[in-house]
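Novice: File name start06.csv; file contents CSV, C-alpha atoms and all ligand atoms; full text below.
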chain,number,residue,atom,x,y,z
A,1,MET,CA,42.9,12.7,-0.3
A,2,THR,CA,43.0,10.2,-3.2
A,3,PRO,CA,39.5,9.0,-4.0
A,4,VAL,CA,38.8,5.4,-3.2
A,5,LEU,CA,37.4,4.9,-6.6
A,6,GLU,CA,37.9,6.8,-9.8
A,7,ILE,CA,36.5,6.1,-13.3
A,8,SER,CA,37.0,8.2,-16.3
A,9,GLY,CA,35.8,7.7,-19.9
A,10,LEU,CA,34.8,4.1,-19.3
A,11,ARG,CA,33.5,2.4,-22.5
A,12,LYS,CA,32.0,-1.0,-23.0
A,13,THR,CA,30.2,-2.3,-26.1
A,14,TYR,CA,28.5,-5.7,-26.0
A,15,ARG,CA,28.6,-7.4,-29.4
A,16,SER,CA,26.5,-10.2,-30.5
A,17,ARG,CA,25.1,-11.5,-33.8
A,18,LYS,CA,22.1,-9.3,-33.2
A,19,GLY,CA,24.3,-6.2,-33.2
A,20,ALA,CA,26.4,-4.1,-30.8
A,21,ARG,CA,25.2,-2.1,-27.8
A,22,ASN,CA,27.0,0.7,-26.0
A,23,ALA,CA,26.4,-0.2,-22.4
A,24,LEU,CA,29.0,2.4,-21.2
A,25,ASP,CA,29.7,5.4,-23.3
A,26,GLY,CA,32.5,7.4,-21.7
A,27,PHE,CA,31.3,7.0,-18.1
A,28,ASP,CA,32.9,8.9,-15.2
A,29,MET,CA,32.6,8.5,-11.4
A,30,VAL,CA,34.5,9.5,-8.3
A,31,VAL,CA,33.9,8.1,-4.8
A,32,GLU,CA,35.6,9.8,-1.9
A,33,ALA,CA,36.9,8.0,1.2
A,34,GLY,CA,34.5,7.4,4.1
A,35,GLN,CA,31.3,8.1,2.1
A,36,VAL,CA,28.2,6.1,1.4
A,37,HIS,CA,27.9,6.7,-2.3
A,38,GLY,CA,24.7,5.9,-4.2
A,39,PHE,CA,24.9,4.7,-7.8
A,40,LEU,CA,21.6,5.3,-9.5
A,41,GLY,CA,20.3,4.8,-13.0
A,42,PRO,CA,17.3,3.4,-14.8
A,43,ASN,CA,17.1,-0.3,-15.9
A,44,GLY,CA,19.7,-1.0,-18.5
A,45,SER,CA,21.7,2.2,-17.9
A,46,GLY,CA,25.0,0.5,-17.2
A,47,LYS,CA,25.3,0.1,-13.4
A,48,THR,CA,26.0,-3.6,-13.3
A,49,THR,CA,28.3,-3.3,-16.3
A,50,THR,CA,30.3,-0.6,-14.4
A,51,LEU,CA,30.6,-2.6,-11.2
A,52,ARG,CA,31.5,-5.8,-13.0
A,53,THR,CA,34.1,-4.0,-15.0
A,54,LEU,CA,35.6,-2.5,-11.8
A,55,LEU,CA,35.9,-5.9,-10.3
A,56,GLY,CA,37.7,-7.4,-13.4
A,57,LEU,CA,34.7,-9.5,-14.4
A,58,ILE,CA,34.3,-7.7,-17.7
A,59,GLN,CA,36.9,-6.3,-20.1
A,60,PRO,CA,36.3,-2.7,-20.9
A,61,ASP,CA,36.8,-1.2,-24.4
A,62,GLY,CA,38.3,2.0,-23.1
A,63,GLY,CA,38.8,4.4,-20.2
A,64,ARG,CA,40.6,4.4,-16.9
A,65,MET,CA,39.7,3.1,-13.5
A,66,THR,CA,41.4,3.2,-10.1
A,67,LEU,CA,40.5,1.4,-6.9
A,68,LEU,CA,42.1,2.5,-3.6
A,69,GLY,CA,44.6,4.5,-5.7
A,70,ARG,CA,45.7,1.6,-7.9
A,71,GLU,CA,44.9,1.3,-11.6
A,72,VAL,CA,42.6,-1.6,-12.4
A,73,PRO,CA,42.3,-4.2,-13.8
A,74,ARG,CA,46.1,-4.2,-14.0
A,75,HIS,CA,46.7,-3.9,-10.3
A,76,LEU,CA,43.5,-5.5,-9.1
A,77,PRO,CA,45.2,-8.4,-7.3
A,78,GLU,CA,47.0,-5.8,-5.0
A,79,VAL,CA,43.7,-4.3,-3.9
A,80,ALA,CA,41.2,-7.1,-4.2
A,81,GLY,CA,41.7,-8.1,-0.5
A,82,ARG,CA,40.5,-4.7,0.6
A,83,VAL,CA,37.4,-4.6,-1.6
A,84,GLY,CA,34.2,-6.5,-0.6
A,85,ALA,CA,31.5,-6.8,-3.3
A,86,ILE,CA,28.2,-8.4,-4.1
A,87,VAL,CA,27.4,-7.7,-7.7
A,88,GLU,CA,25.0,-10.5,-8.4
A,89,SER,CA,22.8,-12.4,-6.0
A,90,PRO,CA,25.4,-14.9,-4.8
A,91,GLN,CA,24.4,-18.6,-4.9
A,92,PHE,CA,24.9,-20.5,-1.6
A,93,PHE,CA,24.7,-24.2,-0.9
A,94,GLY,CA,21.2,-24.7,0.6
A,95,ARG,CA,22.3,-27.6,2.7
A,96,PHE,CA,25.0,-25.6,4.5
A,97,THR,CA,24.2,-23.4,7.5
A,98,ALA,CA,25.2,-19.7,7.4
A,99,GLU,CA,27.9,-20.4,9.9
A,100,THR,CA,29.4,-23.2,7.8
A,101,THR,CA,29.1,-21.1,4.6
A,102,LEU,CA,30.9,-18.2,6.1
A,103,SER,CA,33.5,-20.4,7.8
A,104,LEU,CA,34.4,-22.0,4.4
A,105,LEU,CA,34.5,-18.6,2.8
A,106,ALA,CA,36.7,-17.4,5.6
A,107,ASP,CA,39.1,-20.3,5.0
A,108,ALA,CA,39.1,-19.8,1.3
A,109,GLY,CA,39.9,-16.0,1.8
A,110,GLY,CA,42.6,-16.6,4.4
A,111,VAL,CA,40.4,-14.8,7.1
A,112,ASP,CA,40.4,-15.9,10.7
A,113,ARG,CA,37.2,-17.9,11.5
A,114,GLY,CA,36.8,-15.7,14.6
A,115,ARG,CA,35.4,-13.1,12.2
A,116,VAL,CA,32.4,-15.2,11.4
A,117,PRO,CA,30.3,-14.6,14.5
A,118,GLU,CA,31.2,-10.9,14.2
A,119,VAL,CA,29.7,-10.6,10.7
A,120,LEU,CA,26.7,-12.7,11.6
A,121,ASP,CA,26.0,-10.3,14.4
A,122,LEU,CA,26.5,-7.3,12.2
A,123,VAL,CA,23.9,-8.4,9.6
A,124,GLY,CA,21.4,-9.7,12.2
A,125,LEU,CA,21.7,-13.4,11.4
A,126,ARG,CA,23.3,-14.6,14.6
A,127,ASP,CA,20.2,-16.3,15.9
A,128,ARG,CA,19.6,-18.3,12.6
A,129,ALA,CA,23.3,-19.0,12.0
A,130,LYS,CA,23.0,-22.7,12.7
A,131,GLU,CA,20.0,-23.3,10.3
A,132,LYS,CA,20.4,-24.4,6.7
A,133,VAL,CA,20.5,-21.7,4.1
A,134,LYS,CA,17.7,-23.4,2.1
A,135,THR,CA,15.3,-22.5,5.0
A,136,TYR,CA,16.2,-18.8,4.7
A,137,SER,CA,14.0,-16.1,3.2
A,138,LEU,CA,15.2,-13.9,0.3
A,139,GLY,CA,16.0,-11.1,2.8
A,140,MET,CA,18.0,-13.5,5.0
A,141,LYS,CA,20.0,-14.7,2.0
A,142,GLN,CA,20.7,-11.1,1.1
A,143,ARG,CA,22.0,-10.5,4.6
A,144,LEU,CA,24.2,-13.6,4.3
A,145,ALA,CA,25.6,-12.2,1.1
A,146,VAL,CA,26.5,-8.9,2.8
A,147,ALA,CA,28.0,-10.9,5.7
A,148,SER,CA,30.3,-12.7,3.2
A,149,ALA,CA,31.4,-9.4,1.7
A,150,LEU,CA,32.3,-8.1,5.2
A,151,LEU,CA,34.4,-11.1,6.2
A,152,LYS,CA,37.7,-9.5,5.1
A,153,LYS,CA,36.9,-6.1,6.8
A,154,PRO,CA,37.1,-4.3,3.4
A,155,THR,CA,38.1,-0.7,3.0
A,156,LEU,CA,35.6,-0.4,0.2
A,157,LEU,CA,32.3,-2.3,0.1
A,158,ILE,CA,30.4,-2.5,-3.3
A,159,LEU,CA,26.8,-3.6,-3.2
A,160,ASP,CA,24.5,-4.0,-6.1
A,161,GLU,CA,20.9,-3.6,-4.9
A,162,PRO,CA,21.5,-4.6,-1.3
A,163,ALA,CA,17.9,-3.9,-0.2
A,164,ASN,CA,16.4,-6.2,-2.8
A,165,GLY,CA,13.9,-8.5,-1.2
A,166,LEU,CA,14.1,-6.9,2.2
A,167,ASP,CA,11.0,-6.0,4.1
A,168,PRO,CA,10.6,-2.4,5.5
A,169,GLY,CA,12.2,-3.5,8.8
A,170,GLY,CA,15.1,-5.2,6.9
A,171,ILE,CA,15.6,-2.1,4.8
A,172,ARG,CA,15.9,0.1,7.9
A,173,GLU,CA,18.3,-2.4,9.4
A,174,MET,CA,20.4,-2.4,6.2
A,175,ARG,CA,20.4,1.5,6.4
A,176,THR,CA,21.7,1.4,9.9
A,177,LEU,CA,24.3,-1.2,8.9
A,178,MET,CA,25.5,1.0,6.0
A,179,ARG,CA,25.8,4.0,8.3
A,180,ASP,CA,27.6,2.0,11.0
A,181,LEU,CA,30.1,0.6,8.5
A,182,SER,CA,30.7,4.1,7.1
A,183,ALA,CA,31.2,5.4,10.7
A,184,SER,CA,33.8,2.7,11.2
A,185,GLY,CA,35.7,4.2,8.3
A,186,MET,CA,34.5,1.9,5.5
A,187,THR,CA,33.6,3.5,2.1
A,188,VAL,CA,30.3,2.0,0.7
A,189,LEU,CA,29.2,2.2,-2.9
A,190,LEU,CA,25.7,0.9,-3.4
A,191,SER,CA,23.4,0.8,-6.4
A,192,SER,CA,19.7,0.9,-5.7
A,193,HIS,CA,16.3,1.7,-7.2
A,194,ILE,CA,14.9,2.7,-3.8
A,195,LEU,CA,15.5,6.4,-4.1
A,196,ALA,CA,14.0,7.4,-0.8
A,197,GLU,CA,16.4,5.0,0.8
A,198,ILE,CA,19.4,6.4,-1.1
A,199,GLN,CA,18.4,9.9,0.0
A,200,LEU,CA,18.4,8.8,3.6
A,201,ILE,CA,21.6,6.7,3.5
A,202,CYS,CA,23.9,8.3,1.1
A,203,ASP,CA,26.3,11.2,1.4
A,204,SER,CA,26.8,11.5,-2.3
A,205,VAL,CA,25.4,10.1,-5.5
A,206,THR,CA,26.2,9.5,-9.2
A,207,ILE,CA,23.3,9.2,-11.6
A,208,ILE,CA,24.0,7.3,-14.9
A,209,SER,CA,21.7,7.2,-17.9
A,210,ALA,CA,22.4,5.5,-21.2
A,211,GLY,CA,26.0,4.7,-20.2
A,212,ARG,CA,27.0,8.3,-19.2
A,213,ARG,CA,27.1,10.2,-16.0
A,214,ILE,CA,24.4,12.8,-16.0
A,215,THR,CA,24.9,14.2,-12.5
A,216,ALA,CA,27.0,13.7,-9.4
A,217,GLY,CA,27.6,15.4,-6.1
A,218,SER,CA,26.4,15.4,-2.5
A,219,VAL,CA,22.7,14.5,-2.2
A,220,ALA,CA,22.1,18.1,-1.0
A,221,GLU,CA,23.8,19.5,-4.1
A,222,VAL,CA,21.9,17.3,-6.5
A,223,LEU,CA,18.6,18.3,-4.8
A,224,ALA,CA,19.5,22.0,-4.7
A,225,ARG,CA,20.3,21.9,-8.5
A,226,HIS,CA,16.9,20.4,-9.0
A,227,ASP,CA,14.9,22.8,-6.7
A,228,SER,CA,11.9,23.7,-8.8
A,229,GLY,CA,10.9,26.7,-6.5
A,230,ALA,CA,7.4,25.2,-6.4
A,231,VAL,CA,5.1,26.3,-3.5
A,232,ARG,CA,2.1,24.4,-2.2
A,233,VAL,CA,-0.8,26.5,-1.3
A,234,ARG,CA,-3.8,25.6,0.9
A,235,LEU,CA,-6.8,27.9,0.5
A,236,GLU,CA,-9.4,28.7,3.0
A,237,PRO,CA,-12.3,26.2,3.0
A,238,ASP,CA,-15.0,26.9,0.4
A,239,THR,CA,-12.7,29.0,-1.7
A,240,ASP,CA,-13.1,28.8,-5.5
A,241,GLN,CA,-9.9,27.0,-6.4
A,242,GLU,CA,-10.3,27.5,-10.1
A,243,GLU,CA,-10.7,31.3,-9.6
A,244,ALA,CA,-7.5,31.3,-7.4
A,245,ALA,CA,-5.7,29.3,-10.1
A,246,ARG,CA,-6.8,31.7,-12.8
A,247,ILE,CA,-5.6,34.8,-10.9
A,248,LEU,CA,-2.2,33.3,-10.4
A,249,ARG,CA,-1.9,32.1,-14.0
A,250,GLU,CA,-2.8,35.6,-15.2
A,251,ALA,CA,0.3,36.7,-13.3
A,252,GLY,CA,2.4,34.2,-15.3
A,253,ALA,CA,2.5,31.3,-12.7
A,254,GLN,CA,2.2,27.7,-13.6
A,255,VAL,CA,-0.6,26.3,-11.4
A,256,THR,CA,-1.7,22.7,-10.8
A,257,VAL,CA,-5.0,22.3,-9.0
A,258,GLU,CA,-4.5,19.4,-6.5
A,259,THR,CA,-6.9,17.7,-4.2
A,260,ALA,CA,-9.5,19.8,-2.4
A,261,GLY,CA,-8.2,23.2,-1.4
A,262,HIS,CA,-4.6,22.7,-2.6
A,263,LEU,CA,-2.7,24.3,-5.5
A,264,THR,CA,0.9,23.8,-6.6
A,265,VAL,CA,2.4,27.0,-7.9
A,266,ARG,CA,5.6,27.4,-10.0
A,267,ASP,CA,7.3,30.2,-11.8
A,268,ILE,CA,6.2,33.0,-9.6
A,269,ALA,CA,8.4,35.7,-7.9
A,270,GLY,CA,7.9,34.3,-4.4
A,271,PRO,CA,5.4,33.3,-1.8
A,272,ALA,CA,4.7,37.0,-0.9
A,273,GLN,CA,3.6,37.5,-4.5
A,274,ILE,CA,1.0,34.7,-4.2
A,275,THR,CA,-0.3,36.1,-1.0
A,276,ARG,CA,-0.6,39.6,-2.4
A,277,LEU,CA,-2.3,38.6,-5.7
A,278,LEU,CA,-4.9,36.4,-4.0
A,279,ALA,CA,-5.6,38.8,-1.0
A,280,GLN,CA,-6.2,41.6,-3.5
A,281,ARG,CA,-9.2,39.5,-4.7
A,282,GLU,CA,-10.2,38.6,-1.2
A,283,ILE,CA,-8.9,35.0,-1.4
A,284,TYR,CA,-7.0,34.0,1.7
A,285,LEU,CA,-4.6,31.2,2.4
A,286,CYS,CA,-4.3,28.8,5.3
A,287,GLU,CA,-0.9,27.5,4.5
A,288,LEU,CA,2.0,28.1,2.1
A,289,THR,CA,4.8,25.5,2.0
A,290,PRO,CA,7.8,25.3,-0.3
A,291,VAL,CA,7.8,21.9,-2.1
A,292,ALA,CA,11.1,20.2,-1.3
A,293,ALA,CA,12.6,18.4,-4.3
A,294,ASP,CA,13.3,14.8,-3.6
A,295,LEU,CA,15.7,12.4,-5.2
A,296,GLU,CA,13.0,10.6,-7.0
A,297,ASP,CA,11.9,13.8,-8.8
A,298,ALA,CA,15.5,14.7,-9.7
A,299,PHE,CA,16.1,11.2,-10.9
A,300,LEU,CA,12.9,11.0,-13.1
A,301,GLU,CA,13.6,14.4,-14.6
A,302,LEU,CA,17.3,13.9,-15.2
A,303,THR,CA,17.0,10.5,-16.7
A,304,GLY,CA,13.8,11.3,-18.6
A,305,THR,CA,12.1,8.2,-17.2
A,306,ALA,CA,9.0,9.7,-15.6
A,307,PRO,CA,5.9,7.8,-16.8
A,308,VAL,CA,4.0,9.5,-19.5
A,309,GLU,CA,0.3,8.7,-19.7
A,310,GLY,CA,-0.6,6.5,-22.7
A,311,HIS,CA,3.0,5.7,-23.4
A,312,HIS,CA,4.8,2.5,-22.5
A,313,ARG,CA,8.4,3.2,-21.9
A,314,GLN,CA,10.8,0.6,-23.2
A,315,VAL,CA,13.2,-0.4,-20.5
A,316,ASP,CA,16.4,-0.7,-22.4
A,317,GLU,CA,18.5,2.4,-21.8
A,318,SER,CA,21.7,1.5,-23.8
A,319,ALA,CA,22.3,3.0,-27.2
A,320,LEU,CA,22.9,0.9,-30.2
A,321,ALA,CA,26.4,1.3,-31.4
A,322,ALA,CA,26.7,3.6,-34.5
A,323,GLY,CA,25.5,2.0,-37.7
A,324,GLN,CA,23.5,-0.7,-35.9
A,325,ASP,CA,19.8,-1.1,-35.8
A,326,GLY,CA,19.7,-4.0,-33.3
A,327,TRP,CA,19.7,-6.7,-35.9
A,328,GLY,CA,23.3,-6.3,-36.9
A,329,ARG,CA,22.4,-4.3,-40.0
B,401,LIG,N1,26.3,-9.9,-21.3
B,401,LIG,C1,25.6,-9.0,-22.0
B,401,LIG,N2,25.5,-9.2,-23.4
B,401,LIG,C2,24.9,-8.2,-24.1
B,401,LIG,N3,24.3,-7.1,-23.6
B,401,LIG,C3,24.4,-6.9,-22.3
B,401,LIG,C4,25.1,-7.9,-21.4
B,401,LIG,N4,25.0,-7.4,-20.1
B,401,LIG,C5,24.4,-6.2,-20.2
B,401,LIG,N5,24.0,-5.9,-21.5
B,401,LIG,C6,23.3,-4.8,-21.9
B,401,LIG,O1,24.0,-3.6,-21.5
B,401,LIG,C7,23.1,-2.6,-21.1
B,401,LIG,C8,23.4,-2.2,-19.6
B,401,LIG,O2,23.1,-3.3,-18.8
B,401,LIG,P1,23.4,-3.2,-17.2
B,401,LIG,O3,23.1,-4.6,-16.7
B,401,LIG,O4,24.8,-2.7,-17.0
B,401,LIG,O5,22.3,-2.2,-16.7
B,401,LIG,P2,21.9,-1.8,-15.2
B,401,LIG,O6,22.0,-0.3,-15.1
B,401,LIG,O7,22.6,-2.6,-14.2
B,401,LIG,O8,20.3,-2.2,-15.3
B,401,LIG,P3,19.3,-2.8,-14.1
B,401,LIG,O9,19.0,-1.6,-13.3
B,401,LIG,O10,18.2,-3.3,-14.9
B,401,LIG,O11,20.0,-3.9,-13.4
B,401,LIG,C9,21.7,-3.2,-21.3
B,401,LIG,O12,21.2,-2.8,-22.5
B,401,LIG,C10,21.9,-4.6,-21.2
B,401,LIG,O13,20.9,-5.3,-22.0
Any chance you could put this one into structure tokens?
Specialist:
Amino acid sequence: MTPVLEISGLRKTYRSRKGARNALDGFDMVVEAGQVHGFLGPNGSGKTTTLRTLLGLIQPDGGRMTLLGREVPRHLPEVAGRVGAIVESPQFFGRFTAETTLSLLADAGGVDRGRVPEVLDLVGLRDRAKEKVKTYSLGMKQRLAVASALLKKPTLLILDEPANGLDPGGIREMRTLMRDLSASGMTVLLSSHILAEIQLICDSVTIISAGRRITAGSVAEVLARHDSGAVRVRLEPDTDQEEAARILREAGAQVTVETAGHLTVRDIAGPAQITRLLAQREIYLCELTPVAADLEDAFLELTGTAPVEGHHRQVDESALAAGQDGWGR
């Protein structure tokens, strides 16, 4: 089946009097139909630039993009009616109610007003639909934004940080909504920094760093590639942790002494080897658990953005274009 979205070799350089920055440096991405696809990357890595370029809001400097099988931006008008998107927090008129706002948007988009109560219901705003938007919380405005993107029953829904400003209950509702939309046949592409959430919601992910794809695949594949083989060991109470760590290190393992009674062990043949080495010295275990890699670990390692003690990471991820030092020199 043709992917719903395909990007290859996308390039975008922002130029100003201060210099030129490569926001996208040959970026590739594929999103298959019916998936919830997570788009992840550190601050300034190029996510919004990608989404804005896809939607024809930014002119790329090179590369190819297709949406629903049609090349964009050239054929964007043919597919725009089937793509719903929120790429920046949309501004709504505070004095209008959600119902009026959506009705006007429906009229403007040639959508039957009968769809308005449906989308209000979908995003959980039905009970507040007749109140003015200026009385809404941030999370409620976010829901209204999603409702507006759903008006035209899109085949592809693109959301930039949809969980922004939502409380834990709201995040969970958004997760259910994404899954329901996907189950109804819609493809969803969402960018987010809430990695635990992405791990729960998404079928597949693309991770971008410095304007390039650094990994992509199903969440399970990305996690499997990242599996560190680490094992968490809990020792019997009153065991000398340092002694146990020393024994394992002598055998070539990498050992981190954790909170009371726990060790994390890497680079060892297997759990049986840990048990054998310690039992030979009359040290016994209560528990031995493989440490499952999570998306946050994979993300921090792949993007090189894990915090380093005593070092303040600078947030901008994009590379200066060749020959530029940021001051146009
Ligand atoms: N209009 C612009 N003019 C100049 N530089 C820009 C412009 N928009 C984005 N950039 C730069 O391009 C790079 C990529 O920005 P982009 O907004 O795409 O990142 P992002 O991955 O969406 O980041 P975040 O997670 O912080 O939202 C950054 O260095 C940013 O400063």
Novice: Could you tell me which of A:Arg212, A:His226, A:Lys152, A:Arg128 comes closest to ligand LIG 401 (chain B) if we count all atoms listed in the file?
Specialist: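 The closest residue to ligand LIG 401 (chain B) is A:Arg212.
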Novice: Using all atoms listed in the file, which protein or nucleic acid residues are at most 10 Å from ligand LIG 401 (chain B), as a compact mmCIF listing (two decimals) with C-alpha atoms, in the frame of the given file?
Specialist:
# COMPACT_ATOMS: atom_id res chain seq x y z
CA LYS A 12 32.00 -1.00 -23.00
CA THR A 13 30.20 -2.30 -26.10
CA TYR A 14 28.50 -5.70 -26.00
CA ARG A 15 28.60 -7.40 -29.40
CA SER A 16 26.50 -10.20 -30.50
CA LYS A 18 22.10 -9.30 -33.20
CA GLY A 19 24.30 -6.20 -33.20
CA ALA A 20 26.40 -4.10 -30.80
CA ARG A 21 25.20 -2.10 -27.80
CA ASN A 22 27.00 0.70 -26.00
CA ALA A 23 26.40 -0.20 -22.40
CA LEU A 24 29.00 2.40 -21.20
CA PHE A 39 24.90 4.70 -7.80
CA LEU A 40 21.60 5.30 -9.50
CA GLY A 41 20.30 4.80 -13.00
CA PRO A 42 17.30 3.40 -14.80
CA ASN A 43 17.10 -0.30 -15.90
CA GLY A 44 19.70 -1.00 -18.50
CA SER A 45 21.70 2.20 -17.90
CA GLY A 46 25.00 0.50 -17.20
CA LYS A 47 25.30 0.10 -13.40
CA THR A 48 26.00 -3.60 -13.30
CA THR A 49 28.30 -3.30 -16.30
CA THR A 50 30.30 -0.60 -14.40
CA LEU A 51 30.60 -2.60 -11.20
CA ARG A 52 31.50 -5.80 -13.00
CA THR A 53 34.10 -4.00 -15.00
CA ILE A 58 34.30 -7.70 -17.70
CA VAL A 87 27.40 -7.70 -7.70
CA GLU A 88 25.00 -10.50 -8.40
CA ASP A 160 24.50 -4.00 -6.10
CA GLU A 161 20.90 -3.60 -4.90
CA SER A 191 23.40 0.80 -6.40
CA SER A 192 19.70 0.90 -5.70
CA HIS A 193 16.30 1.70 -7.20
CA ILE A 208 24.00 7.30 -14.90
CA SER A 209 21.70 7.20 -17.90
CA ALA A 210 22.40 5.50 -21.20
CA GLY A 211 26.00 4.70 -20.20
CA VAL A 315 13.20 -0.40 -20.50
CA ASP A 316 16.40 -0.70 -22.40
CA GLU A 317 18.50 2.40 -21.80
CA SER A 318 21.70 1.50 -23.80
CA ALA A 319 22.30 3.00 -27.20
CA LEU A 320 22.90 0.90 -30.20
Novice: I want to know what sits within 12 Å of Gln273 in chain A, based on all atoms listed in the file, with residues of the same chain fewer than 3 positions away left out; could you give that as a list in words?
Specialist: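 Those residues are Val231, Ile247, Leu248, Ala251, Gly252, Ala253, Val265, Arg266, Asp267, Ile268, Ala269, Gly270, Arg276, Leu277, Leu278, Ala279, Gln280 and Leu288 of chain A.
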Novice: Please dump the current selection as a JSON list (two decimals), keeping the file's coordinate frame; keep C-alpha atoms.
Specialist:
[["chain", "number", "residue", "atom", "x", "y", "z"],
["A", 231, "VAL", "CA", 5.10, 26.30, -3.50],
["A", 247, "ILE", "CA", -5.60, 34.80, -10.90],
["A", 248, "LEU", "CA", -2.20, 33.30, -10.40],
["A", 251, "ALA", "CA", 0.30, 36.70, -13.30],
["A", 252, "GLY", "CA", 2.40, 34.20, -15.30],
["A", 253, "ALA", "CA", 2.50, 31.30, -12.70],
["A", 265, "VAL", "CA", 2.40, 27.00, -7.90],
["A", 266, "ARG", "CA", 5.60, 27.40, -10.00],
["A", 267, "ASP", "CA", 7.30, 30.20, -11.80],
["A", 268, "ILE", "CA", 6.20, 33.00, -9.60],
["A", 269, "ALA", "CA", 8.40, 35.70, -7.90],
["A", 270, "GLY", "CA", 7.90, 34.30, -4.40],
["A", 276, "ARG", "CA", -0.60, 39.60, -2.40],
["A", 277, "LEU", "CA", -2.30, 38.60, -5.70],
["A", 278, "LEU", "CA", -4.90, 36.40, -4.00],
["A", 279, "ALA", "CA", -5.60, 38.80, -1.00],
["A", 280, "GLN", "CA", -6.20, 41.60, -3.50],
["A", 288, "LEU", "CA", 2.00, 28.10, 2.10]]
Novice: To one decimal place in Å, what is the distance between CA of Phe27 in chain A and CA of Arg213 in chain A?
Specialist: 5.7 Å
Novice: List the neighbours of range 130-138 of chain A out to 9 Å using all atoms listed in the file; skip same-chain residues closer than 4 positions along the sequence, and give me the result as a CSV table (one decimal) with C-alpha atoms, in the frame of the given file.
Specialist:
chain,number,residue,atom,x,y,z
A,92,PHE,CA,24.9,-20.5,-1.6
A,93,PHE,CA,24.7,-24.2,-0.9
A,94,GLY,CA,21.2,-24.7,0.6
A,95,ARG,CA,22.3,-27.6,2.7
A,96,PHE,CA,25.0,-25.6,4.5
A,97,THR,CA,24.2,-23.4,7.5
A,98,ALA,CA,25.2,-19.7,7.4
A,99,GLU,CA,27.9,-20.4,9.9
A,100,THR,CA,29.4,-23.2,7.8
A,101,THR,CA,29.1,-21.1,4.6
A,126,ARG,CA,23.3,-14.6,14.6
A,142,GLN,CA,20.7,-11.1,1.1
A,143,ARG,CA,22.0,-10.5,4.6
A,144,LEU,CA,24.2,-13.6,4.3
A,164,ASN,CA,16.4,-6.2,-2.8
A,165,GLY,CA,13.9,-8.5,-1.2
A,166,LEU,CA,14.1,-6.9,2.2
Novice: Could you work out how far CA of Asp227 in chain A lies from CA of Arg246 in chain A, giving the answer in Å with one decimal?
Specialist: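 Rounded to one decimal, the two atoms are 24.2 Å apart.
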Novice: Point out the residue among A:Glu78, A:Glu258, A:Glu250, A:Glu173 with the least atom-to-atom distance to Leu125 in chain A, counting all atoms listed in the file.
Specialist: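 Ranking A:Glu78, A:Glu258, A:Glu250, A:Glu173 by distance to Leu125 in chain A, first place goes to A:Glu173.
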Novice: Figure out the distance between CA of Leu57 in chain A and CA of Ala163 in chain A, please, to one decimal in Å.
Specialist: 22.7 Å
Novice: List the spatial neighbours of Arg115 in chain A as a PDB file with C-alpha atoms, in the frame of the given file - criterion: any atom at most 10 Å away, only C-alpha atoms, same-chain residues fewer than 5 positions off excluded.
Specialist:
ATOM      1  CA  LEU A 102      30.900 -18.200   6.100  1.00  0.00           C
ATOM      2  CA  SER A 103      33.500 -20.400   7.800  1.00  0.00           C
ATOM      3  CA  ALA A 106      36.700 -17.400   5.600  1.00  0.00           C
ATOM      4  CA  LEU A 120      26.700 -12.700  11.600  1.00  0.00           C
ATOM      5  CA  LEU A 150      32.300  -8.100   5.200  1.00  0.00           C
ATOM      6  CA  LEU A 151      34.400 -11.100   6.200  1.00  0.00           C
ATOM      7  CA  LYS A 152      37.700  -9.500   5.100  1.00  0.00           C
ATOM      8  CA  LYS A 153      36.900  -6.100   6.800  1.00  0.00           C
TER       9      LYS A 153
END
Novice: So which residues touch Asp180 in chain A within 12 Å, counting only C-alpha atoms, skipping near sequence neighbours fewer than 3 positions away, as JSON, numbers by chain?
Specialist: {"A": [34, 35, 36, 122, 123, 173, 174, 175, 176, 177, 183, 184, 185, 186, 187, 188, 201]}
Novice: Give me the residues within 12 Å of Leu156 in chain A as a PyMOL selection string, counting only C-alpha atoms and dropping any in the same chain fewer than 4 places off.
Specialist: chain A and resi 3-5+31-37+55+67-69+79-86+149-150+152+178+181-182+184-190
